[in-house]
$ cat run-v9.cif   # mmCIF, C-alpha atoms; chains and numbers go by the auth columns
data_data
loop_
_atom_site.group_PDB
_atom_site.id
_atom_site.type_symbol
_atom_site.label_atom_id
_atom_site.label_comp_id
_atom_site.label_asym_id
_atom_site.label_seq_id
_atom_site.Cartn_x
_atom_site.Cartn_y
_atom_site.Cartn_z
_atom_site.B_iso_or_equiv
_atom_site.auth_seq_id
_atom_site.auth_asym_id
ATOM 1 C CA MET A 1 -43.397 38.947 -112.571 0.00 240 A
ATOM 2 C CA ASP A 2 -41.238 40.936 -115.009 0.00 241 A
ATOM 3 C CA LEU A 3 -37.512 40.595 -114.541 0.00 242 A
ATOM 4 C CA LYS A 4 -35.733 43.820 -113.702 0.00 243 A
ATOM 5 C CA TYR A 5 -32.658 43.901 -115.887 0.00 244 A
ATOM 6 C CA LEU A 6 -31.449 47.324 -114.730 0.00 245 A
ATOM 7 C CA ASP A 7 -31.863 49.718 -111.867 0.00 246 A
ATOM 8 C CA ASP A 8 -34.118 52.620 -112.886 0.00 247 A
ATOM 9 C CA ALA A 9 -31.276 54.982 -112.025 0.00 248 A
ATOM 10 C CA VAL A 10 -29.074 53.647 -114.849 0.00 249 A
ATOM 11 C CA PRO A 11 -29.322 55.959 -117.887 0.00 250 A
ATOM 12 C CA LYS A 12 -30.155 53.944 -121.005 0.00 251 A
ATOM 13 C CA VAL A 13 -30.495 55.111 -124.602 0.00 252 A
ATOM 14 C CA VAL A 14 -31.258 52.905 -127.609 0.00 253 A
ATOM 15 C CA ASP A 15 -30.192 54.254 -130.985 0.00 254 A
ATOM 16 C CA GLU A 16 -29.817 52.956 -134.544 0.00 255 A
ATOM 17 C CA TRP A 17 -28.516 53.965 -137.922 0.00 256 A
ATOM 18 C CA TYR A 18 -28.331 52.457 -141.384 0.00 257 A
ATOM 19 C CA SER A 19 -24.785 51.202 -141.832 0.00 258 A
ATOM 20 C CA PRO A 20 -23.481 51.939 -145.332 0.00 259 A
ATOM 21 C CA THR A 21 -20.698 49.423 -144.696 0.00 260 A
ATOM 22 C CA LEU A 22 -22.987 46.533 -143.815 0.00 261 A
ATOM 23 C CA GLY A 23 -26.020 47.601 -145.825 0.00 262 A
ATOM 24 C CA GLN A 24 -28.444 47.193 -142.928 0.00 263 A
ATOM 25 C CA ALA A 25 -29.744 48.954 -139.858 0.00 264 A
ATOM 26 C CA MET A 26 -27.497 48.423 -136.834 0.00 265 A
ATOM 27 C CA PRO A 27 -28.746 49.240 -133.334 0.00 266 A
ATOM 28 C CA ILE A 28 -26.715 50.318 -130.333 0.00 267 A
ATOM 29 C CA VAL A 29 -27.570 50.789 -126.675 0.00 268 A
ATOM 30 C CA ILE A 30 -25.780 53.128 -124.278 0.00 269 A
ATOM 31 C CA TYR A 31 -25.690 52.693 -120.510 0.00 270 A
ATOM 32 C CA GLY A 32 -24.511 55.618 -118.422 0.00 271 A
ATOM 33 C CA ASN A 33 -23.656 59.239 -119.102 0.00 272 A
ATOM 34 C CA PHE A 34 -20.013 59.446 -118.069 0.00 273 A
ATOM 35 C CA GLY A 35 -16.884 57.363 -117.756 0.00 274 A
ATOM 36 C CA HIS A 36 -14.416 55.556 -119.954 0.00 275 A
ATOM 37 C CA PRO A 37 -16.216 54.153 -123.012 0.00 276 A
ATOM 38 C CA LEU A 38 -16.523 50.373 -123.163 0.00 277 A
ATOM 39 C CA LEU A 39 -17.647 48.672 -126.379 0.00 278 A
ATOM 40 C CA LEU A 40 -19.444 45.479 -125.390 0.00 279 A
ATOM 41 C CA PHE A 41 -19.975 42.594 -127.805 0.00 280 A
ATOM 42 C CA PRO A 42 -22.621 39.876 -127.522 0.00 281 A
ATOM 43 C CA THR A 43 -21.887 36.162 -127.601 0.00 282 A
ATOM 44 C CA ALA A 44 -22.278 33.965 -130.682 0.00 283 A
ATOM 45 C CA ALA A 45 -25.188 35.127 -132.856 0.00 284 A
ATOM 46 C CA ALA A 46 -26.911 37.277 -130.241 0.00 285 A
ATOM 47 C CA ASP A 47 -28.081 40.881 -130.366 0.00 286 A
ATOM 48 C CA PHE A 48 -27.132 44.191 -128.785 0.00 287 A
ATOM 49 C CA LEU A 49 -29.405 43.672 -125.764 0.00 288 A
ATOM 50 C CA GLU A 50 -28.156 40.198 -124.843 0.00 289 A
ATOM 51 C CA ASN A 51 -25.706 41.464 -122.252 0.00 290 A
ATOM 52 C CA GLU A 52 -28.542 43.289 -120.526 0.00 291 A
ATOM 53 C CA ARG A 53 -30.920 40.314 -120.672 0.00 292 A
ATOM 54 C CA PHE A 54 -28.321 38.079 -119.029 0.00 293 A
ATOM 55 C CA PHE A 55 -27.599 40.696 -116.337 0.00 294 A
ATOM 56 C CA LEU A 56 -24.009 41.376 -117.380 0.00 295 A
ATOM 57 C CA VAL A 57 -24.752 45.101 -117.547 0.00 296 A
ATOM 58 C CA LYS A 58 -26.440 44.925 -114.148 0.00 297 A
ATOM 59 C CA ALA A 59 -23.270 43.334 -112.764 0.00 298 A
ATOM 60 C CA ILE A 60 -21.380 46.559 -113.504 0.00 299 A
ATOM 61 C CA GLU A 61 -24.135 48.960 -112.456 0.00 300 A
ATOM 62 C CA PRO A 62 -22.024 50.373 -109.578 0.00 301 A
ATOM 63 C CA GLN A 63 -19.254 51.368 -111.993 0.00 302 A
ATOM 64 C CA ILE A 64 -21.776 52.829 -114.463 0.00 303 A
ATOM 65 C CA LEU A 65 -23.581 54.841 -111.773 0.00 304 A
ATOM 66 C CA ALA A 66 -20.257 56.030 -110.351 0.00 305 A
ATOM 67 C CA GLY A 67 -19.295 57.428 -113.760 0.00 306 A
ATOM 68 C CA LYS A 68 -16.312 55.116 -114.115 0.00 307 A
ATOM 69 C CA VAL A 69 -17.484 53.391 -117.289 0.00 308 A
ATOM 70 C CA ARG A 70 -19.987 54.158 -120.041 0.00 309 A
ATOM 71 C CA VAL A 71 -21.113 51.083 -121.944 0.00 310 A
ATOM 72 C CA PHE A 72 -21.941 50.879 -125.657 0.00 311 A
ATOM 73 C CA SER A 73 -23.374 47.513 -126.733 0.00 312 A
ATOM 74 C CA ILE A 74 -23.781 46.524 -130.391 0.00 313 A
ATOM 75 C CA ASN A 75 -25.087 43.669 -132.518 0.00 314 A
ATOM 76 C CA SER A 76 -22.909 40.953 -133.922 0.00 315 A
ATOM 77 C CA ILE A 77 -23.336 39.716 -137.473 0.00 316 A
ATOM 78 C CA ASN A 78 -22.008 36.235 -136.700 0.00 317 A
ATOM 79 C CA SER A 79 -25.259 34.668 -137.906 0.00 318 A
ATOM 80 C CA GLN A 80 -24.556 36.257 -141.305 0.00 319 A
ATOM 81 C CA ALA A 81 -20.887 35.271 -141.329 0.00 320 A
ATOM 82 C CA TRP A 82 -19.050 32.566 -139.385 0.00 321 A
ATOM 83 C CA MET A 83 -22.186 30.881 -138.097 0.00 322 A
ATOM 84 C CA ASP A 84 -23.884 30.596 -141.481 0.00 323 A
ATOM 85 C CA ARG A 85 -22.546 27.222 -142.560 0.00 324 A
ATOM 86 C CA ASN A 86 -24.126 27.590 -145.998 0.00 325 A
ATOM 87 C CA LEU A 87 -21.722 30.379 -146.918 0.00 326 A
ATOM 88 C CA PRO A 88 -18.302 29.666 -148.406 0.00 327 A
ATOM 89 C CA VAL A 89 -15.421 30.715 -146.195 0.00 328 A
ATOM 90 C CA VAL A 90 -14.376 33.443 -148.618 0.00 329 A
ATOM 91 C CA GLU A 91 -17.770 35.137 -148.114 0.00 330 A
ATOM 92 C CA GLN A 92 -17.782 34.581 -144.363 0.00 331 A
ATOM 93 C CA ALA A 93 -14.382 36.252 -144.168 0.00 332 A
ATOM 94 C CA ARG A 94 -15.502 39.135 -146.385 0.00 333 A
ATOM 95 C CA ARG A 95 -18.434 39.799 -144.075 0.00 334 A
ATOM 96 C CA GLN A 96 -16.181 39.657 -141.028 0.00 335 A
ATOM 97 C CA ALA A 97 -13.941 42.256 -142.645 0.00 336 A
ATOM 98 C CA LEU A 98 -16.969 44.475 -143.263 0.00 337 A
ATOM 99 C CA TYR A 99 -17.965 44.119 -139.611 0.00 338 A
ATOM 100 C CA ALA A 100 -14.510 45.269 -138.551 0.00 339 A
ATOM 101 C CA ARG A 101 -14.820 48.263 -140.870 0.00 340 A
ATOM 102 C CA TYR A 102 -18.262 49.065 -139.448 0.00 341 A
ATOM 103 C CA ILE A 103 -16.761 49.152 -135.950 0.00 342 A
ATOM 104 C CA GLU A 104 -13.749 51.239 -136.917 0.00 343 A
ATOM 105 C CA ASP A 105 -15.424 53.617 -139.398 0.00 344 A
ATOM 106 C CA GLU A 106 -18.888 54.003 -137.862 0.00 345 A
ATOM 107 C CA VAL A 107 -19.064 52.855 -134.235 0.00 346 A
ATOM 108 C CA VAL A 108 -15.864 54.584 -133.128 0.00 347 A
ATOM 109 C CA PRO A 109 -16.926 58.024 -134.445 0.00 348 A
ATOM 110 C CA TYR A 110 -20.368 57.513 -132.889 0.00 349 A
ATOM 111 C CA ILE A 111 -18.858 56.756 -129.470 0.00 350 A
ATOM 112 C CA ARG A 112 -16.398 59.632 -129.701 0.00 351 A
ATOM 113 C CA ASN A 113 -19.209 62.007 -130.578 0.00 352 A
ATOM 114 C CA ALA A 114 -21.306 60.713 -127.679 0.00 353 A
ATOM 115 C CA CYS A 115 -18.348 61.230 -125.344 0.00 354 A
ATOM 116 C CA ARG A 116 -17.640 64.674 -126.841 0.00 355 A
ATOM 117 C CA THR A 117 -13.994 63.705 -127.106 0.00 356 A
ATOM 118 C CA PRO A 118 -12.813 63.376 -130.706 0.00 357 A
ATOM 119 C CA ASP A 119 -9.686 61.376 -129.957 0.00 358 A
ATOM 120 C CA ILE A 120 -10.763 59.201 -127.021 0.00 359 A
ATOM 121 C CA ARG A 121 -9.668 55.584 -127.180 0.00 360 A
ATOM 122 C CA ILE A 122 -12.200 52.921 -126.277 0.00 361 A
ATOM 123 C CA ALA A 123 -12.097 49.734 -124.243 0.00 362 A
ATOM 124 C CA THR A 124 -13.635 46.486 -125.480 0.00 363 A
ATOM 125 C CA SER A 125 -15.125 43.446 -123.794 0.00 364 A
ATOM 126 C CA GLY A 126 -17.157 40.360 -124.514 0.00 365 A
ATOM 127 C CA ALA A 127 -17.532 36.708 -123.635 0.00 366 A
ATOM 128 C CA SER A 128 -17.121 33.624 -125.828 0.00 367 A
ATOM 129 C CA PHE A 129 -17.346 34.809 -129.466 0.00 368 A
ATOM 130 C CA GLY A 130 -17.648 38.291 -128.010 0.00 369 A
ATOM 131 C CA GLY A 131 -14.243 37.752 -126.423 0.00 370 A
ATOM 132 C CA PHE A 132 -12.818 37.075 -129.872 0.00 371 A
ATOM 133 C CA HIS A 133 -14.345 40.276 -131.245 0.00 372 A
ATOM 134 C CA ALA A 134 -13.122 42.304 -128.274 0.00 373 A
ATOM 135 C CA MET A 135 -9.542 41.131 -128.765 0.00 374 A
ATOM 136 C CA ASN A 136 -9.588 41.387 -132.553 0.00 375 A
ATOM 137 C CA THR A 137 -10.980 44.913 -132.360 0.00 376 A
ATOM 138 C CA LEU A 138 -8.223 46.075 -130.009 0.00 377 A
ATOM 139 C CA CYS A 139 -5.354 44.343 -131.782 0.00 378 A
ATOM 140 C CA ARG A 140 -6.385 45.563 -135.227 0.00 379 A
ATOM 141 C CA ARG A 141 -6.534 49.220 -134.170 0.00 380 A
ATOM 142 C CA PRO A 142 -4.789 50.052 -130.911 0.00 381 A
ATOM 143 C CA ASP A 143 -4.829 53.667 -132.066 0.00 382 A
ATOM 144 C CA LEU A 144 -8.613 53.622 -131.598 0.00 383 A
ATOM 145 C CA PHE A 145 -8.857 51.208 -128.654 0.00 384 A
ATOM 146 C CA ASP A 146 -6.902 51.053 -125.427 0.00 385 A
ATOM 147 C CA ALA A 147 -8.071 47.999 -123.469 0.00 386 A
ATOM 148 C CA ALA A 148 -9.665 44.577 -123.841 0.00 387 A
ATOM 149 C CA ILE A 149 -11.331 42.379 -121.251 0.00 388 A
ATOM 150 C CA ALA A 150 -11.763 39.097 -123.108 0.00 389 A
ATOM 151 C CA MET A 151 -13.712 36.442 -121.202 0.00 390 A
ATOM 152 C CA SER A 152 -13.774 32.761 -122.173 0.00 391 A
ATOM 153 C CA GLY A 153 -12.659 33.653 -125.663 0.00 392 A
ATOM 154 C CA PHE A 154 -10.723 32.100 -128.519 0.00 393 A
ATOM 155 C CA TYR A 155 -8.295 33.946 -130.748 0.00 394 A
ATOM 156 C CA ASP A 156 -7.695 31.660 -133.721 0.00 395 A
ATOM 157 C CA LEU A 157 -10.525 31.150 -136.208 0.00 396 A
ATOM 158 C CA GLY A 158 -8.431 28.791 -138.299 0.00 397 A
ATOM 159 C CA PRO A 159 -9.150 25.392 -136.734 0.00 398 A
ATOM 160 C CA ASP A 160 -12.939 25.696 -136.590 0.00 399 A
ATOM 161 C CA TYR A 161 -13.880 28.155 -139.315 0.00 400 A
ATOM 162 C CA PHE A 162 -11.357 28.559 -142.140 0.00 401 A
ATOM 163 C CA LYS A 163 -11.399 24.958 -143.442 0.00 402 A
ATOM 164 C CA GLY A 164 -7.885 25.357 -144.804 0.00 403 A
ATOM 165 C CA TYR A 165 -8.728 28.563 -146.682 0.00 404 A
ATOM 166 C CA SER A 166 -6.829 31.840 -146.283 0.00 405 A
ATOM 167 C CA ASP A 167 -6.935 35.334 -147.740 0.00 406 A
ATOM 168 C CA ASP A 168 -6.317 38.857 -146.472 0.00 407 A
ATOM 169 C CA ASN A 169 -9.758 39.041 -144.857 0.00 408 A
ATOM 170 C CA CYS A 170 -8.985 35.889 -142.906 0.00 409 A
ATOM 171 C CA TYR A 171 -5.473 36.965 -142.008 0.00 410 A
ATOM 172 C CA PHE A 172 -6.261 40.485 -140.809 0.00 411 A
ATOM 173 C CA ASN A 173 -9.193 39.318 -138.685 0.00 412 A
ATOM 174 C CA ASN A 174 -7.460 36.402 -136.992 0.00 413 A
ATOM 175 C CA PRO A 175 -5.349 37.627 -134.069 0.00 414 A
ATOM 176 C CA ALA A 176 -3.377 34.384 -133.819 0.00 415 A
ATOM 177 C CA TRP A 177 -2.111 35.048 -137.353 0.00 416 A
ATOM 178 C CA TYR A 178 -1.471 38.787 -137.550 0.00 417 A
ATOM 179 C CA VAL A 179 -0.403 39.662 -133.996 0.00 418 A
ATOM 180 C CA PRO A 180 2.916 37.753 -134.345 0.00 419 A
ATOM 181 C CA ASN A 181 3.772 40.091 -137.232 0.00 420 A
ATOM 182 C CA ILE A 182 2.573 43.440 -135.863 0.00 421 A
ATOM 183 C CA ALA A 183 5.283 46.080 -136.044 0.00 422 A
ATOM 184 C CA GLY A 184 5.796 49.809 -135.898 0.00 423 A
ATOM 185 C CA HIS A 185 3.371 52.231 -134.243 0.00 424 A
ATOM 186 C CA TYR A 186 0.657 49.657 -133.567 0.00 425 A
ATOM 187 C CA LEU A 187 3.117 47.362 -131.804 0.00 426 A
ATOM 188 C CA GLU A 188 4.379 50.273 -129.717 0.00 427 A
ATOM 189 C CA LEU A 189 0.827 51.163 -128.698 0.00 428 A
ATOM 190 C CA LEU A 190 0.083 47.561 -127.702 0.00 429 A
ATOM 191 C CA GLN A 191 3.308 47.402 -125.736 0.00 430 A
ATOM 192 C CA ARG A 192 3.059 50.762 -123.989 0.00 431 A
ATOM 193 C CA SER A 193 -0.492 52.060 -123.757 0.00 432 A
ATOM 194 C CA CYS A 194 -2.987 49.203 -123.847 0.00 433 A
ATOM 195 C CA ARG A 195 -4.406 47.085 -121.051 0.00 434 A
ATOM 196 C CA ILE A 196 -5.140 43.513 -122.088 0.00 435 A
ATOM 197 C CA HIS A 197 -6.926 41.119 -119.755 0.00 436 A
ATOM 198 C CA ILE A 198 -7.554 37.511 -120.745 0.00 437 A
ATOM 199 C CA LEU A 199 -9.846 35.509 -118.482 0.00 438 A
ATOM 200 C CA THR A 200 -10.921 31.902 -118.740 0.00 439 A
ATOM 201 C CA GLY A 201 -12.229 29.110 -116.598 0.00 440 A
ATOM 202 C CA GLN A 202 -11.346 25.433 -116.728 0.00 441 A
ATOM 203 C CA GLY A 203 -14.838 24.001 -116.322 0.00 442 A
ATOM 204 C CA ASP A 204 -17.453 22.745 -118.768 0.00 443 A
ATOM 205 C CA TYR A 205 -17.147 24.077 -122.337 0.00 444 A
ATOM 206 C CA GLU A 206 -14.224 26.333 -121.490 0.00 445 A
ATOM 207 C CA ALA A 207 -11.069 26.297 -123.618 0.00 446 A
ATOM 208 C CA PRO A 208 -8.269 27.532 -121.362 0.00 447 A
ATOM 209 C CA ASP A 209 -5.590 26.459 -123.821 0.00 448 A
ATOM 210 C CA ALA A 210 -6.938 29.026 -126.298 0.00 449 A
ATOM 211 C CA SER A 211 -6.245 31.769 -123.761 0.00 450 A
ATOM 212 C CA ARG A 212 -2.860 30.338 -122.819 0.00 451 A
ATOM 213 C CA GLY A 213 -1.873 30.072 -126.474 0.00 452 A
ATOM 214 C CA PHE A 214 -2.754 33.669 -127.221 0.00 453 A
ATOM 215 C CA SER A 215 -0.951 34.756 -124.070 0.00 454 A
ATOM 216 C CA ASP A 216 2.158 33.061 -125.461 0.00 455 A
ATOM 217 C CA ILE A 217 1.768 35.033 -128.700 0.00 456 A
ATOM 218 C CA LEU A 218 1.520 38.306 -126.783 0.00 457 A
ATOM 219 C CA ASN A 219 4.566 37.380 -124.722 0.00 458 A
ATOM 220 C CA GLY A 220 6.454 36.703 -127.927 0.00 459 A
ATOM 221 C CA ARG A 221 5.789 40.257 -129.069 0.00 460 A
ATOM 222 C CA GLY A 222 6.591 41.843 -125.716 0.00 461 A
ATOM 223 C CA ILE A 223 2.978 42.943 -125.221 0.00 462 A
ATOM 224 C CA PRO A 224 2.101 43.237 -121.515 0.00 463 A
ATOM 225 C CA HIS A 225 -1.145 41.569 -120.469 0.00 464 A
ATOM 226 C CA LEU A 226 -2.769 39.752 -117.620 0.00 465 A
ATOM 227 C CA LEU A 227 -3.840 36.139 -118.077 0.00 466 A
ATOM 228 C CA GLU A 228 -6.006 34.640 -115.354 0.00 467 A
ATOM 229 C CA VAL A 229 -7.108 31.022 -115.520 0.00 468 A
ATOM 230 C CA TRP A 230 -9.907 30.509 -113.021 0.00 469 A
ATOM 231 C CA GLY A 231 -10.837 27.185 -111.410 0.00 470 A
ATOM 232 C CA ARG A 232 -12.184 23.922 -112.713 0.00 471 A
ATOM 233 C CA ASP A 233 -15.621 24.858 -111.362 0.00 472 A
ATOM 234 C CA VAL A 234 -15.712 27.917 -113.648 0.00 473 A
ATOM 235 C CA ASN A 235 -17.910 27.016 -116.610 0.00 474 A
ATOM 236 C CA HIS A 236 -18.549 28.721 -119.937 0.00 475 A
ATOM 237 C CA ASP A 237 -21.617 30.533 -118.701 0.00 476 A
ATOM 238 C CA TRP A 238 -23.094 33.863 -117.658 0.00 477 A
ATOM 239 C CA PRO A 239 -22.848 33.508 -113.858 0.00 478 A
ATOM 240 C CA TRP A 240 -19.063 33.513 -114.184 0.00 479 A
ATOM 241 C CA TRP A 241 -18.907 36.339 -116.719 0.00 480 A
ATOM 242 C CA ARG A 242 -21.019 38.372 -114.311 0.00 481 A
ATOM 243 C CA LYS A 243 -18.197 37.890 -111.793 0.00 482 A
ATOM 244 C CA MET A 244 -15.324 38.458 -114.200 0.00 483 A
ATOM 245 C CA LEU A 245 -16.310 41.778 -115.770 0.00 484 A
ATOM 246 C CA PRO A 246 -16.965 43.782 -112.579 0.00 485 A
ATOM 247 C CA HIS A 247 -13.885 42.243 -110.988 0.00 486 A
ATOM 248 C CA TYR A 248 -11.653 43.581 -113.734 0.00 487 A
ATOM 249 C CA ILE A 249 -13.342 46.936 -114.180 0.00 488 A
ATOM 250 C CA GLY A 250 -13.553 47.564 -110.465 0.00 489 A
ATOM 251 C CA HIS A 251 -10.296 46.147 -109.219 0.00 490 A
ATOM 252 C CA ARG A 252 -7.852 45.296 -111.978 0.00 491 A
ATOM 253 C CA VAL A 253 -8.382 48.050 -114.527 0.00 492 A
ATOM 254 C CA GLY A 254 -8.949 50.707 -111.917 0.00 493 A
ATOM 255 C CA TRP A 255 -11.846 52.519 -113.600 0.00 494 A
#
$ encode --input "run-v9.cif" --output "structure tokens"
Amino acid sequence: MDLKYLDDAVPKVVDEWYSPTLGQAMPIVIYGNFGHPLLLFPTAAADFLENERFFLVKAIEPQILAGKVRVFSINSINSQAWMDRNLPVVEQARRQALYARYIEDEVVPYIRNACRTPDIRIATSGASFGGFHAMNTLCRRPDLFDAAIAMSGFYDLGPDYFKGYSDDNCYFNNPAWYVPNIAGHYLELLQRSCRIHILTGQGDYEAPDASRGFSDILNGRGIPHLLEVWGRDVNHDWPWWRKMLPHYIGHRVGW
């Protein structure tokens, strides 16, 4: 029997364009017709449909059908960057920087055009490596993004990926490094008009100290946020992310 990933009533559109920034075709899928835009990242090296296949999109069907949130899900390029261990760190970091540019220069205008609102700010979310991307995307450009729901994420690439190396591409894509030094307009936006939600469990394969540590960084900059550390039975796995995302969209964020 075929699994039913979505209710037939959920509007779904798959699109694609050739990214001049990344030099490859990049697909995107849209769920819903109305609501606050939410950019959804996959985990690890997965694709733009992963969140549907693991029923994360289905978990927020009520909010999509109610017109509270409109979801845009994209590919990662982790398999071509941080997860390709044959690449030197300098090249991994360069590709990460290109991915950030692709989001800011291509995905944001696409979403704004789809929403017919040229200045709308966008929420982000993702789990695991997707949680990292969600937070990095918001913190880099709070003028373009206004919320992050980061689930079971990590926010410092240094210990596991940089191997002692550093350059501007590393620095400006590693929230644990650049957020302590954010100033001016971007800091004001993070302090006054962004909603940041950091969720983690304490069960198998979770890293709650990563969330606590980034929470401390945000506190040090006076950036309001909500940190929730769930129980020791909460593992690094989809059943819990399917509880976290609708909980925050439906009850905490107020969409």
$ atom_distance --input "run-v9.cif" --atom1 "atom CA of A:Lys243" --atom2 "atom CA of A:Lys297"
9.4 Å
$ atom_distance --input "run-v9.cif" --atom1 "atom CA of A:Arg340" --atom2 "atom CA of A:Leu261"
8.9 Å
$ closest_residue --input "run-v9.cif" --among "A:Cys378, A:Ala366, A:Leu465, A:Leu484" --to "A:Glu445" --atoms "only C-alpha atoms"
A:Ala366
$ residues_around --input "run-v9.cif" --residues "A:Ala446" --least-positions-apart "2" --cutoff "10 Å" --atoms "only C-alpha atoms" --output "PDB file with C-alpha atoms, keeping the file's coordinate frame"
ATOM      1  CA  SER A 367     -17.121  33.624-125.828  1.00  0.00           C
ATOM      2  CA  SER A 391     -13.774  32.761-122.173  1.00  0.00           C
ATOM      3  CA  GLY A 392     -12.659  33.653-125.663  1.00  0.00           C
ATOM      4  CA  PHE A 393     -10.723  32.100-128.519  1.00  0.00           C
ATOM      5  CA  THR A 439     -10.921  31.902-118.740  1.00  0.00           C
ATOM      6  CA  GLY A 440     -12.229  29.110-116.598  1.00  0.00           C
ATOM      7  CA  GLN A 441     -11.346  25.433-116.728  1.00  0.00           C
ATOM      8  CA  GLY A 442     -14.838  24.001-116.322  1.00  0.00           C
ATOM      9  CA  ASP A 443     -17.453  22.745-118.768  1.00  0.00           C
ATOM     10  CA  TYR A 444     -17.147  24.077-122.337  1.00  0.00           C
ATOM     11  CA  ASP A 448      -5.590  26.459-123.821  1.00  0.00           C
ATOM     12  CA  ALA A 449      -6.938  29.026-126.298  1.00  0.00           C
ATOM     13  CA  SER A 450      -6.245  31.769-123.761  1.00  0.00           C
ATOM     14  CA  ARG A 451      -2.860  30.338-122.819  1.00  0.00           C
ATOM     15  CA  ASN A 474     -17.910  27.016-116.610  1.00  0.00           C
ATOM     16  CA  HIS A 475     -18.549  28.721-119.937  1.00  0.00           C
TER      17      HIS A 475
END
$ residues_around --input "run-v9.cif" --residues "A:Tyr417" --least-positions-apart "5" --cutoff "10 Å" --atoms "only C-alpha atoms" --output "list in words"
Asn375, Cys378, Arg379, Cys409, Tyr410, Phe411 and Asn412 of chain A
$ closest_residue --input "run-v9.cif" --among "A:Phe287, A:Tyr270, A:Trp477, A:Tyr257" --to "A:Glu345" --atoms "all atoms listed in the file"
A:Tyr257
$ resolve_selection --input "run-v9.cif" --expression "the PyMOL selection byres ((chain A and resi 387) around 10)" --output "PyMOL selection string"
chain A and resi 277-279+361-365+370+372-378+384-386+388-390+433-437+464
